[in-house]
file upload.json (JSON, C-alpha atoms)
[["chain", "number", "residue", "atom", "x", "y", "z"],
["G", 1, "MET", "CA", -12.95, -13.97, -32.35],
["G", 2, "LEU", "CA", -13.71, -12.42, -35.73],
["G", 3, "ASP", "CA", -14.50, -8.81, -36.58],
["G", 4, "GLN", "CA", -16.64, -7.68, -39.50],
["G", 5, "TYR", "CA", -13.56, -7.38, -41.74],
["G", 6, "GLY", "CA", -12.55, -11.01, -41.30],
["G", 7, "ARG", "CA", -9.65, -10.35, -38.95],
["G", 8, "THR", "CA", -8.96, -12.86, -36.18],
["G", 9, "ILE", "CA", -8.68, -11.05, -32.84],
["G", 10, "ASP", "CA", -6.65, -13.18, -30.46],
["G", 11, "TYR", "CA", -4.46, -10.64, -28.61],
["G", 12, "LEU", "CA", -5.51, -8.57, -25.58],
["G", 13, "ARG", "CA", -3.46, -5.80, -23.98],
["G", 14, "ILE", "CA", -4.52, -5.28, -20.36],
["G", 15, "SER", "CA", -3.74, -2.14, -18.40],
["G", 16, "ILE", "CA", -3.79, -3.17, -14.74],
["G", 17, "THR", "CA", -3.11, 0.34, -13.39],
["G", 18, "ASP", "CA", -2.94, 3.94, -14.54],
["G", 19, "ARG", "CA", -0.24, 4.69, -11.97],
["G", 20, "CYS", "CA", 3.44, 4.99, -12.83],
["G", 21, "ASN", "CA", 6.69, 5.57, -10.96],
["G", 22, "LEU", "CA", 8.04, 7.79, -13.77],
["G", 23, "ARG", "CA", 6.77, 11.01, -15.36],
["G", 24, "CYS", "CA", 7.95, 10.69, -18.95],
["G", 25, "VAL", "CA", 7.65, 13.96, -20.85],
["G", 26, "TYR", "CA", 5.71, 12.48, -23.78],
["G", 27, "CYS", "CA", 3.30, 10.59, -21.52],
["G", 28, "MET", "CA", 2.16, 12.95, -18.78],
["G", 29, "PRO", "CA", 2.66, 16.44, -17.33],
["G", 30, "PRO", "CA", 5.20, 17.03, -14.53],
["G", 31, "GLU", "CA", 2.55, 16.75, -11.83],
["G", 32, "GLY", "CA", 1.27, 13.48, -13.29],
["G", 33, "VAL", "CA", -2.35, 12.73, -14.09],
["G", 34, "SER", "CA", -5.36, 12.29, -11.85],
["G", 35, "CYS", "CA", -5.34, 8.64, -10.92],
["G", 36, "MET", "CA", -8.41, 6.47, -10.79],
["G", 37, "SER", "CA", -9.80, 5.50, -7.43],
["G", 38, "HIS", "CA", -9.15, 2.01, -6.09],
["G", 39, "GLU", "CA", -12.80, 1.14, -6.62],
["G", 40, "ALA", "CA", -12.68, 2.25, -10.25],
["G", 41, "ILE", "CA", -9.88, -0.15, -11.13],
["G", 42, "LEU", "CA", -10.73, -3.68, -12.21],
["G", 43, "ARG", "CA", -10.06, -6.28, -9.54],
["G", 44, "TYR", "CA", -7.80, -9.14, -10.56],
["G", 45, "GLU", "CA", -10.66, -11.63, -10.43],
["G", 46, "GLU", "CA", -12.60, -9.38, -12.80],
["G", 47, "ILE", "CA", -9.68, -9.31, -15.23],
["G", 48, "GLU", "CA", -9.52, -13.10, -15.04],
["G", 49, "ALA", "CA", -13.26, -13.35, -15.74],
["G", 50, "ILE", "CA", -12.91, -11.19, -18.85],
["G", 51, "CYS", "CA", -9.95, -13.21, -20.09],
["G", 52, "GLN", "CA", -11.83, -16.47, -19.51],
["G", 53, "ALA", "CA", -14.80, -15.14, -21.49],
["G", 54, "MET", "CA", -12.50, -14.10, -24.32],
["G", 55, "ALA", "CA", -10.45, -17.32, -24.23],
["G", 56, "VAL", "CA", -13.64, -19.27, -24.90],
["G", 57, "GLN", "CA", -13.92, -17.24, -28.11],
["G", 58, "GLY", "CA", -10.30, -17.63, -29.19],
["G", 59, "LEU", "CA", -8.11, -15.28, -27.15],
["G", 60, "LYS", "CA", -4.56, -16.69, -27.11],
["G", 61, "HIS", "CA", -2.13, -13.92, -26.18],
["G", 62, "ILE", "CA", -2.16, -11.42, -23.33],
["G", 63, "LYS", "CA", 0.09, -8.42, -22.71],
["G", 64, "ILE", "CA", 0.10, -6.85, -19.23],
["G", 65, "THR", "CA", 0.70, -3.08, -19.29],
["G", 66, "GLY", "CA", 0.03, 0.04, -17.23],
["G", 67, "GLY", "CA", 0.83, 2.83, -16.38],
["G", 68, "GLU", "CA", 3.62, 0.78, -14.89],
["G", 69, "PRO", "CA", 2.23, -2.69, -14.12],
["G", 70, "LEU", "CA", 4.89, -3.58, -11.55],
["G", 71, "VAL", "CA", 3.70, -0.86, -9.19],
["G", 72, "ARG", "CA", 0.46, -2.78, -8.63],
["G", 73, "LYS", "CA", 0.76, -5.34, -5.88],
["G", 74, "GLY", "CA", 0.23, -8.93, -6.96],
["G", 75, "CYS", "CA", 1.09, -8.51, -10.64],
["G", 76, "SER", "CA", 2.97, -11.82, -10.72],
["G", 77, "HIS", "CA", 0.00, -13.64, -9.14],
["G", 78, "LEU", "CA", -2.25, -12.30, -11.90],
["G", 79, "ILE", "CA", 0.18, -13.55, -14.54],
["G", 80, "ARG", "CA", 0.16, -17.01, -12.97],
["G", 81, "SER", "CA", -3.65, -17.06, -12.95],
["G", 82, "LEU", "CA", -3.90, -15.94, -16.57],
["G", 83, "LYS", "CA", -1.40, -18.59, -17.64],
["G", 84, "ASN", "CA", -3.71, -21.21, -16.15],
["G", 85, "ILE", "CA", -6.70, -20.21, -18.29],
["G", 86, "SER", "CA", -7.44, -22.82, -20.93],
["G", 87, "GLY", "CA", -6.58, -21.52, -24.39],
["G", 88, "ILE", "CA", -4.13, -18.83, -23.28],
["G", 89, "GLU", "CA", -0.77, -19.52, -24.92],
["G", 90, "THR", "CA", 1.37, -16.56, -23.85],
["G", 91, "VAL", "CA", 1.34, -13.89, -21.17],
["G", 92, "THR", "CA", 3.91, -11.13, -21.52],
["G", 93, "LEU", "CA", 4.55, -7.82, -19.79],
["G", 94, "THR", "CA", 5.68, -4.32, -20.74],
["G", 95, "THR", "CA", 7.56, -2.37, -18.05],
["G", 96, "ASN", "CA", 9.78, 0.68, -17.66],
["G", 97, "GLY", "CA", 12.21, -1.62, -15.86],
["G", 98, "ILE", "CA", 12.65, 0.41, -12.68],
["G", 99, "LEU", "CA", 11.32, -2.40, -10.46],
["G", 100, "LEU", "CA", 12.37, -5.29, -12.68],
["G", 101, "GLU", "CA", 15.53, -6.26, -10.79],
["G", 102, "GLU", "CA", 13.64, -6.93, -7.56],
["G", 103, "MET", "CA", 10.63, -8.57, -9.23],
["G", 104, "ALA", "CA", 12.25, -10.63, -11.99],
["G", 105, "GLU", "CA", 12.27, -13.90, -10.02],
["G", 106, "GLN", "CA", 8.58, -13.55, -9.13],
["G", 107, "LEU", "CA", 7.66, -12.94, -12.76],
["G", 108, "VAL", "CA", 9.68, -15.90, -14.00],
["G", 109, "HIS", "CA", 8.18, -18.23, -11.41],
["G", 110, "ALA", "CA", 4.72, -16.99, -12.41],
["G", 111, "GLY", "CA", 5.45, -18.17, -15.95],
["G", 112, "VAL", "CA", 5.83, -14.90, -17.84],
["G", 113, "ASP", "CA", 6.76, -15.62, -21.45],
["G", 114, "GLY", "CA", 8.31, -12.31, -22.39],
["G", 115, "ILE", "CA", 9.21, -8.90, -21.01],
["G", 116, "ASN", "CA", 9.37, -5.66, -22.99],
["G", 117, "ILE", "CA", 11.41, -2.85, -21.44],
["G", 118, "SER", "CA", 10.74, 0.73, -22.48],
["G", 119, "LEU", "CA", 14.08, 2.48, -22.95],
["G", 120, "ASP", "CA", 14.49, 5.51, -25.19],
["G", 121, "THR", "CA", 18.17, 6.27, -24.57],
["G", 122, "LEU", "CA", 21.28, 4.82, -22.94],
["G", 123, "ASP", "CA", 22.52, 8.22, -21.76],
["G", 124, "ALA", "CA", 21.90, 8.53, -18.02],
["G", 125, "LYS", "CA", 21.40, 12.31, -18.07],
["G", 126, "GLU", "CA", 19.05, 12.21, -21.04],
["G", 127, "TYR", "CA", 17.12, 9.33, -19.47],
["G", 128, "ALA", "CA", 16.66, 11.35, -16.29],
["G", 129, "GLN", "CA", 15.38, 14.27, -18.35],
["G", 130, "ILE", "CA", 12.94, 12.17, -20.40],
["G", 131, "THR", "CA", 11.58, 10.37, -17.34],
["G", 132, "ARG", "CA", 11.85, 13.37, -14.98],
["G", 133, "GLY", "CA", 14.22, 11.77, -12.51],
["G", 134, "GLY", "CA", 14.42, 8.10, -13.44],
["G", 135, "ASP", "CA", 17.62, 6.16, -12.75],
["G", 136, "ILE", "CA", 18.75, 4.28, -15.86],
["G", 137, "ASN", "CA", 21.05, 2.10, -13.77],
["G", 138, "LYS", "CA", 18.00, 0.45, -12.18],
["G", 139, "VAL", "CA", 16.69, -0.38, -15.64],
["G", 140, "LEU", "CA", 20.00, -1.82, -16.80],
["G", 141, "ARG", "CA", 20.29, -3.95, -13.67],
["G", 142, "GLY", "CA", 16.76, -5.19, -14.32],
["G", 143, "LEU", "CA", 17.71, -6.06, -17.89],
["G", 144, "GLU", "CA", 20.78, -7.93, -16.69],
["G", 145, "THR", "CA", 18.70, -9.85, -14.13],
["G", 146, "ILE", "CA", 15.97, -10.99, -16.52],
["G", 147, "LEU", "CA", 18.56, -12.09, -19.10],
["G", 148, "ARG", "CA", 19.64, -14.79, -16.64],
["G", 149, "HIS", "CA", 16.43, -16.56, -17.63],
["G", 150, "PRO", "CA", 16.84, -17.61, -21.29],
["G", 151, "ASN", "CA", 13.28, -18.92, -21.53],
["G", 152, "VAL", "CA", 11.95, -15.36, -21.22],
["G", 153, "THR", "CA", 12.02, -13.36, -24.46],
["G", 154, "VAL", "CA", 13.37, -9.88, -23.82],
["G", 155, "LYS", "CA", 12.67, -6.86, -26.02],
["G", 156, "ILE", "CA", 13.62, -3.21, -25.77],
["G", 157, "ASN", "CA", 11.03, -0.66, -26.91],
["G", 158, "CYS", "CA", 12.43, 2.68, -28.04],
["G", 159, "VAL", "CA", 10.72, 5.85, -29.25],
["G", 160, "LEU", "CA", 13.40, 8.00, -30.86],
["G", 161, "ASP", "CA", 13.60, 11.74, -30.34],
["G", 162, "GLU", "CA", 16.50, 14.21, -30.50],
["G", 163, "ASN", "CA", 19.93, 12.89, -31.54],
["G", 164, "TRP", "CA", 18.00, 9.92, -32.87],
["G", 165, "GLU", "CA", 20.67, 8.58, -35.22],
["G", 166, "GLN", "CA", 23.26, 8.17, -32.47],
["G", 167, "THR", "CA", 20.65, 6.83, -30.06],
["G", 168, "ALA", "CA", 19.41, 4.27, -32.59],
["G", 169, "CYS", "CA", 22.92, 2.90, -33.09],
["G", 170, "LEU", "CA", 23.72, 2.79, -29.38],
["G", 171, "LEU", "CA", 20.52, 0.89, -28.61],
["G", 172, "ALA", "CA", 21.10, -1.45, -31.55],
["G", 173, "GLU", "CA", 24.40, -2.36, -29.88],
["G", 174, "LEU", "CA", 22.38, -4.05, -27.15],
["G", 175, "ALA", "CA", 21.24, -6.59, -29.76],
["G", 176, "VAL", "CA", 24.87, -7.11, -30.75],
["G", 177, "LYS", "CA", 26.05, -7.82, -27.23],
["G", 178, "MET", "CA", 22.98, -9.49, -25.73],
["G", 179, "PRO", "CA", 20.16, -11.86, -26.77],
["G", 180, "VAL", "CA", 17.63, -9.02, -26.79],
["G", 181, "HIS", "CA", 15.49, -7.69, -29.61],
["G", 182, "VAL", "CA", 15.51, -3.91, -29.99],
["G", 183, "ARG", "CA", 12.34, -2.37, -31.44],
["G", 184, "PHE", "CA", 11.90, 1.17, -32.69],
["G", 185, "ILE", "CA", 8.37, 2.53, -32.36],
["G", 186, "GLU", "CA", 7.10, 5.46, -34.38],
["G", 187, "HIS", "CA", 5.60, 8.36, -32.46],
["G", 188, "MET", "CA", 1.82, 8.28, -32.58],
["G", 189, "PRO", "CA", -0.32, 11.41, -32.17],
["G", 190, "ILE", "CA", -1.55, 10.59, -28.68],
["G", 191, "GLY", "CA", -1.56, 12.77, -25.57],
["G", 192, "LEU", "CA", 1.54, 14.85, -24.88],
["G", 193, "GLY", "CA", 3.50, 13.01, -27.58],
["G", 194, "GLY", "CA", 1.01, 13.92, -30.27],
["G", 195, "ASP", "CA", 2.92, 16.79, -31.80],
["G", 196, "LYS", "CA", 6.37, 15.17, -31.92],
["G", 197, "GLU", "CA", 8.12, 14.48, -35.19],
["G", 198, "VAL", "CA", 7.82, 10.89, -36.36],
["G", 199, "ARG", "CA", 11.06, 8.97, -36.92],
["G", 200, "LEU", "CA", 10.06, 6.80, -39.85],
["G", 201, "GLN", "CA", 10.98, 3.14, -40.11],
["G", 202, "ASP", "CA", 12.78, 3.47, -43.43],
["G", 203, "GLN", "CA", 15.05, 6.29, -42.29],
["G", 204, "VAL", "CA", 15.99, 4.48, -39.07],
["G", 205, "LYS", "CA", 16.63, 1.23, -40.94],
["G", 206, "LYS", "CA", 18.84, 3.05, -43.47],
["G", 207, "THR", "CA", 20.85, 4.63, -40.66],
["G", 208, "LEU", "CA", 21.46, 1.24, -39.06],
["G", 209, "GLU", "CA", 22.42, -0.33, -42.39],
["G", 210, "ASN", "CA", 24.99, 2.42, -42.94],
["G", 211, "VAL", "CA", 26.68, 1.27, -39.74],
["G", 212, "TYR", "CA", 26.01, -2.47, -39.57],
["G", 213, "GLY", "CA", 25.56, -3.51, -43.17],
["G", 214, "PRO", "CA", 22.49, -4.82, -44.99],
["G", 215, "ALA", "CA", 19.47, -6.02, -43.02],
["G", 216, "LYS", "CA", 17.60, -9.17, -43.94],
["G", 217, "VAL", "CA", 13.97, -9.77, -43.08],
["G", 218, "ALA", "CA", 13.69, -12.29, -40.24],
["G", 219, "GLU", "CA", 12.17, -15.55, -41.39],
["G", 220, "LYS", "CA", 10.15, -16.15, -38.23],
["G", 221, "PRO", "CA", 7.92, -13.70, -36.34],
["G", 222, "MET", "CA", 9.16, -12.68, -32.89],
["G", 223, "GLY", "CA", 5.75, -12.29, -31.31],
["G", 224, "PHE", "CA", 2.08, -11.89, -32.05],
["G", 225, "GLY", "CA", 1.80, -8.16, -32.64],
["G", 226, "PRO", "CA", 2.49, -5.84, -35.59],
["G", 227, "SER", "CA", 6.30, -5.72, -35.41],
["G", 228, "VAL", "CA", 8.49, -6.54, -38.38],
["G", 229, "TYR", "CA", 11.99, -7.81, -37.63],
["G", 230, "TYR", "CA", 15.34, -7.75, -39.41],
["G", 231, "ARG", "CA", 18.54, -9.68, -38.95],
["G", 232, "PHE", "CA", 21.94, -8.01, -39.00],
["G", 233, "GLU", "CA", 25.13, -10.00, -39.28],
["G", 234, "ASN", "CA", 26.83, -10.79, -35.95],
["G", 235, "PHE", "CA", 23.84, -9.62, -33.89],
["G", 236, "GLN", "CA", 22.62, -11.86, -31.06],
["G", 237, "GLY", "CA", 19.18, -10.27, -31.20],
["G", 238, "LYS", "CA", 17.04, -8.79, -33.95],
["G", 239, "ILE", "CA", 15.95, -5.27, -34.79],
["G", 240, "GLY", "CA", 12.23, -4.63, -34.97],
["G", 241, "PHE", "CA", 9.94, -1.82, -36.05],
["G", 242, "ILE", "CA", 6.41, -0.93, -35.00],
["G", 243, "SER", "CA", 5.37, 1.62, -37.59],
["G", 244, "ALA", "CA", 1.72, 2.57, -37.28],
["G", 245, "ILE", "CA", 2.25, 5.74, -39.32],
["G", 246, "SER", "CA", 4.57, 4.88, -42.21],
["G", 247, "HIS", "CA", 3.68, 1.19, -42.54],
["G", 248, "LYS", "CA", 0.03, 1.05, -41.52],
["G", 249, "PHE", "CA", -0.75, -2.48, -40.35],
["G", 250, "CYS", "CA", -4.48, -2.18, -39.60],
["G", 251, "GLY", "CA", -5.38, -4.81, -42.19],
["G", 252, "ASN", "CA", -3.66, -7.43, -40.03],
["G", 253, "CYS", "CA", -4.54, -6.02, -36.61],
["G", 254, "ASN", "CA", -5.32, -8.80, -34.15],
["G", 255, "ARG", "CA", -5.61, -6.86, -30.90],
["G", 256, "VAL", "CA", -7.92, -5.00, -28.57],
["G", 257, "ARG", "CA", -7.21, -3.26, -25.27],
["G", 258, "LEU", "CA", -8.69, -3.45, -21.80],
["G", 259, "THR", "CA", -8.23, -0.26, -19.78],
["G", 260, "ALA", "CA", -7.59, -0.30, -16.06],
["G", 261, "ASP", "CA", -11.17, 0.79, -15.37],
["G", 262, "GLY", "CA", -12.67, -1.99, -17.44],
["G", 263, "LYS", "CA", -13.28, -0.45, -20.86],
["G", 264, "LEU", "CA", -12.76, -2.73, -23.85],
["G", 265, "ARG", "CA", -11.10, -0.40, -26.35],
["G", 266, "LEU", "CA", -11.27, -1.70, -29.90],
["G", 267, "CYS", "CA", -8.61, 0.56, -31.48],
["G", 268, "LEU", "CA", -5.80, 2.57, -29.93],
["G", 269, "GLN", "CA", -6.94, 5.72, -31.67],
["G", 270, "SER", "CA", -10.69, 5.42, -31.25],
["G", 271, "GLU", "CA", -12.21, 6.54, -27.95],
["G", 272, "ASP", "CA", -15.18, 4.24, -28.54],
["G", 273, "SER", "CA", -15.21, 1.48, -25.93],
["G", 274, "ILE", "CA", -17.41, -1.05, -24.18],
["G", 275, "ASP", "CA", -17.82, -0.86, -20.39],
["G", 276, "LEU", "CA", -17.22, -4.42, -19.19],
["G", 277, "LYS", "CA", -16.76, -3.46, -15.54],
["G", 278, "THR", "CA", -20.37, -2.34, -15.21],
["G", 279, "ILE", "CA", -21.52, -5.67, -16.63],
["G", 280, "LEU", "CA", -19.32, -7.63, -14.24],
["G", 281, "ARG", "CA", -20.61, -5.69, -11.24],
["G", 282, "SER", "CA", -24.25, -6.09, -12.15],
["G", 283, "ASP", "CA", -26.71, -8.92, -12.67],
["G", 284, "ARG", "CA", -25.69, -9.06, -16.36],
["G", 285, "LYS", "CA", -22.59, -11.23, -15.85],
["G", 286, "THR", "CA", -24.05, -13.98, -18.01],
["G", 287, "GLU", "CA", -24.06, -11.56, -20.94],
["G", 288, "LEU", "CA", -20.29, -11.04, -20.85],
["G", 289, "VAL", "CA", -19.39, -13.47, -23.64],
["G", 290, "SER", "CA", -22.08, -12.16, -26.01],
["G", 291, "VAL", "CA", -21.26, -8.51, -25.28],
["G", 292, "ILE", "CA", -17.56, -9.10, -26.03],
["G", 293, "LYS", "CA", -18.39, -11.00, -29.21],
["G", 294, "GLU", "CA", -20.61, -8.18, -30.46],
["G", 295, "ALA", "CA", -18.00, -5.56, -29.54],
["G", 296, "ILE", "CA", -15.22, -7.37, -31.39],
["G", 297, "TRP", "CA", -17.41, -7.52, -34.48],
["G", 298, "GLN", "CA", -17.60, -3.70, -34.41],
["G", 299, "LYS", "CA", -13.82, -3.16, -34.31],
["G", 300, "PRO", "CA", -12.95, -0.25, -36.67],
["G", 301, "ARG", "CA", -11.36, -1.01, -40.02],
["G", 302, "GLU", "CA", -8.35, 1.24, -39.38],
["G", 303, "HIS", "CA", -6.91, 4.13, -37.43],
["G", 304, "ASN", "CA", -6.73, 7.64, -38.84],
["G", 305, "PHE", "CA", -3.57, 8.99, -37.25],
["G", 306, "ASP", "CA", -2.64, 10.36, -40.65],
["G", 307, "GLN", "CA", -5.51, 12.81, -40.26],
["G", 308, "LYS", "CA", -3.87, 14.24, -37.12],
["G", 309, "GLN", "CA", -6.73, 13.29, -34.82],
["G", 310, "ILE", "CA", -4.87, 13.56, -31.54],
["G", 311, "GLU", "CA", -6.11, 11.57, -28.57],
["G", 312, "ALA", "CA", -6.32, 13.74, -25.46],
["G", 313, "LYS", "CA", -5.64, 10.98, -22.95],
["G", 314, "SER", "CA", -2.12, 9.88, -22.09],
["G", 315, "MET", "CA", -0.82, 6.41, -22.83],
["G", 316, "ALA", "CA", -0.73, 5.82, -19.08],
["G", 317, "GLN", "CA", -4.49, 6.25, -19.04],
["G", 318, "ILE", "CA", -5.14, 4.19, -22.17],
["G", 319, "GLY", "CA", -2.76, 1.36, -21.43],
["G", 320, "GLY", "CA", 0.22, 1.45, -23.79]]
call {"tool": "encode", "arguments": {"input": "upload.json", "output": "structure tokens"}}
result
Amino acid sequence: MLDQYGRTIDYLRISITDRCNLRCVYCMPPEGVSCMSHEAILRYEEIEAICQAMAVQGLKHIKITGGEPLVRKGCSHLIRSLKNISGIETVTLTTNGILLEEMAEQLVHAGVDGINISLDTLDAKEYAQITRGGDINKVLRGLETILRHPNVTVKINCVLDENWEQTACLLAELAVKMPVHVRFIEHMPIGLGGDKEVRLQDQVKKTLENVYGPAKVAEKPMGFGPSVYYRFENFQGKIGFISAISHKFCGNCNRVRLTADGKLRLCLQSEDSIDLKTILRSDRKTELVSVIKEAIWQKPREHNFDQKQIEAKSMAQIGG
């Protein structure tokens, strides 16, 4: 799939639910958000139909997200079905890790290629505050369980906040002790996290180098998204950065998003989207491939987060 700027779009992030079992302070208010009705959410067979239509045009990589994807029944069955689509090379999942311990075996047997765990601190009290009651021990047990399966790539996603220097070093220690890749993600002006201070890639990298010595750029990519990775001596894993603000990567963007209610969102920042659910539930099903092709062509050149245009919706509603 090509857009009008010559970029190859081969990566789709799919939100399979807007529901979550946590209430993270930068994602949603204490009472949560109004959830979509069951009827409004794409059925699994509809998600498969969209992925098949996109695979014909060159889709290769799929990321399953939420909300929290593991709260939706049958997530592992969807992964297995998507893995069986001709042309799809990888299916990965992003989770908060709360349910990972009990569901790890199902996901592995379904053929999941990688799991990203969102974890912003290793301090149990701070974790409970950030997530409004989450138990970090469940996440750590989930991490331990999935690491028993070396064929699954495991990454930690961290958005740094207060006491960020100490937190960055403590999380980096996971990559010292375990074969996991720790990634630091810059705050983006979206939803309740829109007004938070951005921890820039260069300042985080410098802090880590002050502790662990010089970082060297990793020779091989560790995925199919915008992350850049560095190697530190004596680390089992690598350190990555996703820096949409300080290191704008729009020129190489290869992704689009599918929201839980069937909107094909062409850029994380832009609220412009194409309603694929309505097409699937009408007599226009045969138009699906052409509609997607035309939509991809219209993908925006770049985001404008630097202009402080804050998205009102939460990441749980957009699909992380």
call {"tool": "atom_distance", "arguments": {"input": "upload.json", "atom1": "CA of Phe224 in chain G", "atom2": "CA of His61 in chain G"}}
result
7.5 Å
call {"tool": "closest_residue", "arguments": {"input": "upload.json", "among": "G:Val211, G:Ile14, G:Val228, G:Cys169", "to": "Leu122 in chain G", "atoms": "all atoms listed in the file"}}
result
G:Cys169
call {"tool": "closest_residue", "arguments": {"input": "upload.json", "among": "G:Ile239, G:Leu140, G:Val91, G:Cys35", "to": "Arg19 in chain G", "atoms": "only C-alpha atoms"}}
result
G:Cys35
call {"tool": "atom_distance", "arguments": {"input": "upload.json", "atom1": "CA of Gln129 in chain G", "atom2": "CA of Glu162 in chain G"}}
result
12.2 Å
call {"tool": "residues_near_point", "arguments": {"input": "upload.json", "point": "(19.3, 4.5, -29.3)", "cutoff": "12 Å", "atoms": "all atoms listed in the file", "output": "mmCIF file with C-alpha atoms, in the frame of the given file"}}
result
data_model
loop_
_atom_site.group_PDB
_atom_site.id
_atom_site.type_symbol
_atom_site.label_atom_id
_atom_site.label_comp_id
_atom_site.auth_asym_id
_atom_site.auth_seq_id
_atom_site.Cartn_x
_atom_site.Cartn_y
_atom_site.Cartn_z
ATOM 1 C CA SER G 118 10.740 0.730 -22.480
ATOM 2 C CA LEU G 119 14.080 2.480 -22.950
ATOM 3 C CA ASP G 120 14.490 5.510 -25.190
ATOM 4 C CA THR G 121 18.170 6.270 -24.570
ATOM 5 C CA LEU G 122 21.280 4.820 -22.940
ATOM 6 C CA ASP G 123 22.520 8.220 -21.760
ATOM 7 C CA GLU G 126 19.050 12.210 -21.040
ATOM 8 C CA TYR G 127 17.120 9.330 -19.470
ATOM 9 C CA ILE G 156 13.620 -3.210 -25.770
ATOM 10 C CA ASN G 157 11.030 -0.660 -26.910
ATOM 11 C CA CYS G 158 12.430 2.680 -28.040
ATOM 12 C CA VAL G 159 10.720 5.850 -29.250
ATOM 13 C CA LEU G 160 13.400 8.000 -30.860
ATOM 14 C CA ASP G 161 13.600 11.740 -30.340
ATOM 15 C CA GLU G 162 16.500 14.210 -30.500
ATOM 16 C CA ASN G 163 19.930 12.890 -31.540
ATOM 17 C CA TRP G 164 18.000 9.920 -32.870
ATOM 18 C CA GLU G 165 20.670 8.580 -35.220
ATOM 19 C CA GLN G 166 23.260 8.170 -32.470
ATOM 20 C CA THR G 167 20.650 6.830 -30.060
ATOM 21 C CA ALA G 168 19.410 4.270 -32.590
ATOM 22 C CA CYS G 169 22.920 2.900 -33.090
ATOM 23 C CA LEU G 170 23.720 2.790 -29.380
ATOM 24 C CA LEU G 171 20.520 0.890 -28.610
ATOM 25 C CA ALA G 172 21.100 -1.450 -31.550
ATOM 26 C CA GLU G 173 24.400 -2.360 -29.880
ATOM 27 C CA LEU G 174 22.380 -4.050 -27.150
ATOM 28 C CA ALA G 175 21.240 -6.590 -29.760
ATOM 29 C CA VAL G 182 15.510 -3.910 -29.990
ATOM 30 C CA ARG G 183 12.340 -2.370 -31.440
ATOM 31 C CA PHE G 184 11.900 1.170 -32.690
ATOM 32 C CA ILE G 185 8.370 2.530 -32.360
ATOM 33 C CA VAL G 204 15.990 4.480 -39.070
ATOM 34 C CA THR G 207 20.850 4.630 -40.660
ATOM 35 C CA LEU G 208 21.460 1.240 -39.060
ATOM 36 C CA ILE G 239 15.950 -5.270 -34.790
#
call {"tool": "closest_residue", "arguments": {"input": "upload.json", "among": "G:Val291, G:Leu59, G:Ile79, G:Ile41", "to": "Ile279 in chain G", "atoms": "only C-alpha atoms"}}
result
G:Val291
call {"tool": "residues_around", "arguments": {"input": "upload.json", "residues": "Arg80 in chain G", "least_positions_apart": "6", "cutoff": "9 Å", "atoms": "all atoms listed in the file", "output": "number ranges by chain"}}
result
G: 91, 107, 109-112
call {"tool": "residues_near_point", "arguments": {"input": "upload.json", "point": "(16.4, -5.3, -12.6)", "cutoff": "10 Å", "atoms": "all atoms listed in the file", "output": "list of chain:residue names"}}
result
G:Gly97, G:Ile98, G:Leu99, G:Leu100, G:Glu101, G:Glu102, G:Met103, G:Ala104, G:Glu105, G:Asn137, G:Lys138, G:Val139, G:Leu140, G:Arg141, G:Gly142, G:Leu143, G:Glu144, G:Thr145, G:Ile146, G:Leu147
call {"tool": "residues_around", "arguments": {"input": "upload.json", "residues": "Gln236 in chain G", "least_positions_apart": "2", "cutoff": "10 Å", "atoms": "all atoms listed in the file", "output": "PyMOL selection string"}}
result
chain G and resi 173-181+231-234+238
call {"tool": "atom_distance", "arguments": {"input": "upload.json", "atom1": "CA of Ile16 in chain G", "atom2": "CA of Ala260 in chain G"}}
result
4.9 Å
call {"tool": "closest_residue", "arguments": {"input": "upload.json", "among": "G:Ile242, G:Leu266, G:Val108, G:Gly213", "to": "Trp297 in chain G", "atoms": "only C-alpha atoms"}}
result
G:Leu266
call {"tool": "closest_residue", "arguments": {"input": "upload.json", "among": "G:Arg301, G:His149, G:Arg43, G:Arg257", "to": "Tyr11 in chain G", "atoms": "all atoms listed in the file"}}
result
G:Arg257
call {"tool": "closest_residue", "arguments": {"input": "upload.json", "among": "G:Met222, G:Cys51, G:Leu258, G:Leu288", "to": "Asn84 in chain G", "atoms": "all atoms listed in the file"}}
result
G:Cys51
call {"tool": "build_atoms", "arguments": {"input": "upload.json", "residues": "range 233-239 of chain G", "atoms": "N, CA and C atoms", "output": "PDB file, keeping the file's coordinate frame"}}
result
ATOM      1  N   GLU G 233      24.038  -9.060 -39.497  1.00  0.00           N
ATOM      2  CA  GLU G 233      25.130 -10.000 -39.280  1.00  0.00           C
ATOM      3  C   GLU G 233      25.830  -9.734 -37.957  1.00  0.00           C
ATOM      4  N   ASN G 234      26.110 -10.819 -37.229  1.00  0.00           N
ATOM      5  CA  ASN G 234      26.830 -10.790 -35.950  1.00  0.00           C
ATOM      6  C   ASN G 234      26.008 -10.198 -34.798  1.00  0.00           C
ATOM      7  N   PHE G 235      24.720 -10.044 -34.980  1.00  0.00           N
ATOM      8  CA  PHE G 235      23.840  -9.620 -33.890  1.00  0.00           C
ATOM      9  C   PHE G 235      23.316 -10.846 -33.148  1.00  0.00           C
ATOM     10  N   GLN G 236      23.260 -10.788 -31.826  1.00  0.00           N
ATOM     11  CA  GLN G 236      22.620 -11.860 -31.060  1.00  0.00           C
ATOM     12  C   GLN G 236      21.097 -11.747 -31.120  1.00  0.00           C
ATOM     13  N   GLY G 237      20.607 -10.511 -31.115  1.00  0.00           N
ATOM     14  CA  GLY G 237      19.180 -10.270 -31.200  1.00  0.00           C
ATOM     15  C   GLY G 237      18.803  -9.690 -32.542  1.00  0.00           C
ATOM     16  N   LYS G 238      17.540  -9.352 -32.694  1.00  0.00           N
ATOM     17  CA  LYS G 238      17.040  -8.790 -33.950  1.00  0.00           C
ATOM     18  C   LYS G 238      16.593  -7.348 -33.734  1.00  0.00           C
ATOM     19  N   ILE G 239      16.446  -6.644 -34.822  1.00  0.00           N
ATOM     20  CA  ILE G 239      15.950  -5.270 -34.790  1.00  0.00           C
ATOM     21  C   ILE G 239      14.523  -5.253 -35.331  1.00  0.00           C
TER      22      ILE G 239
END
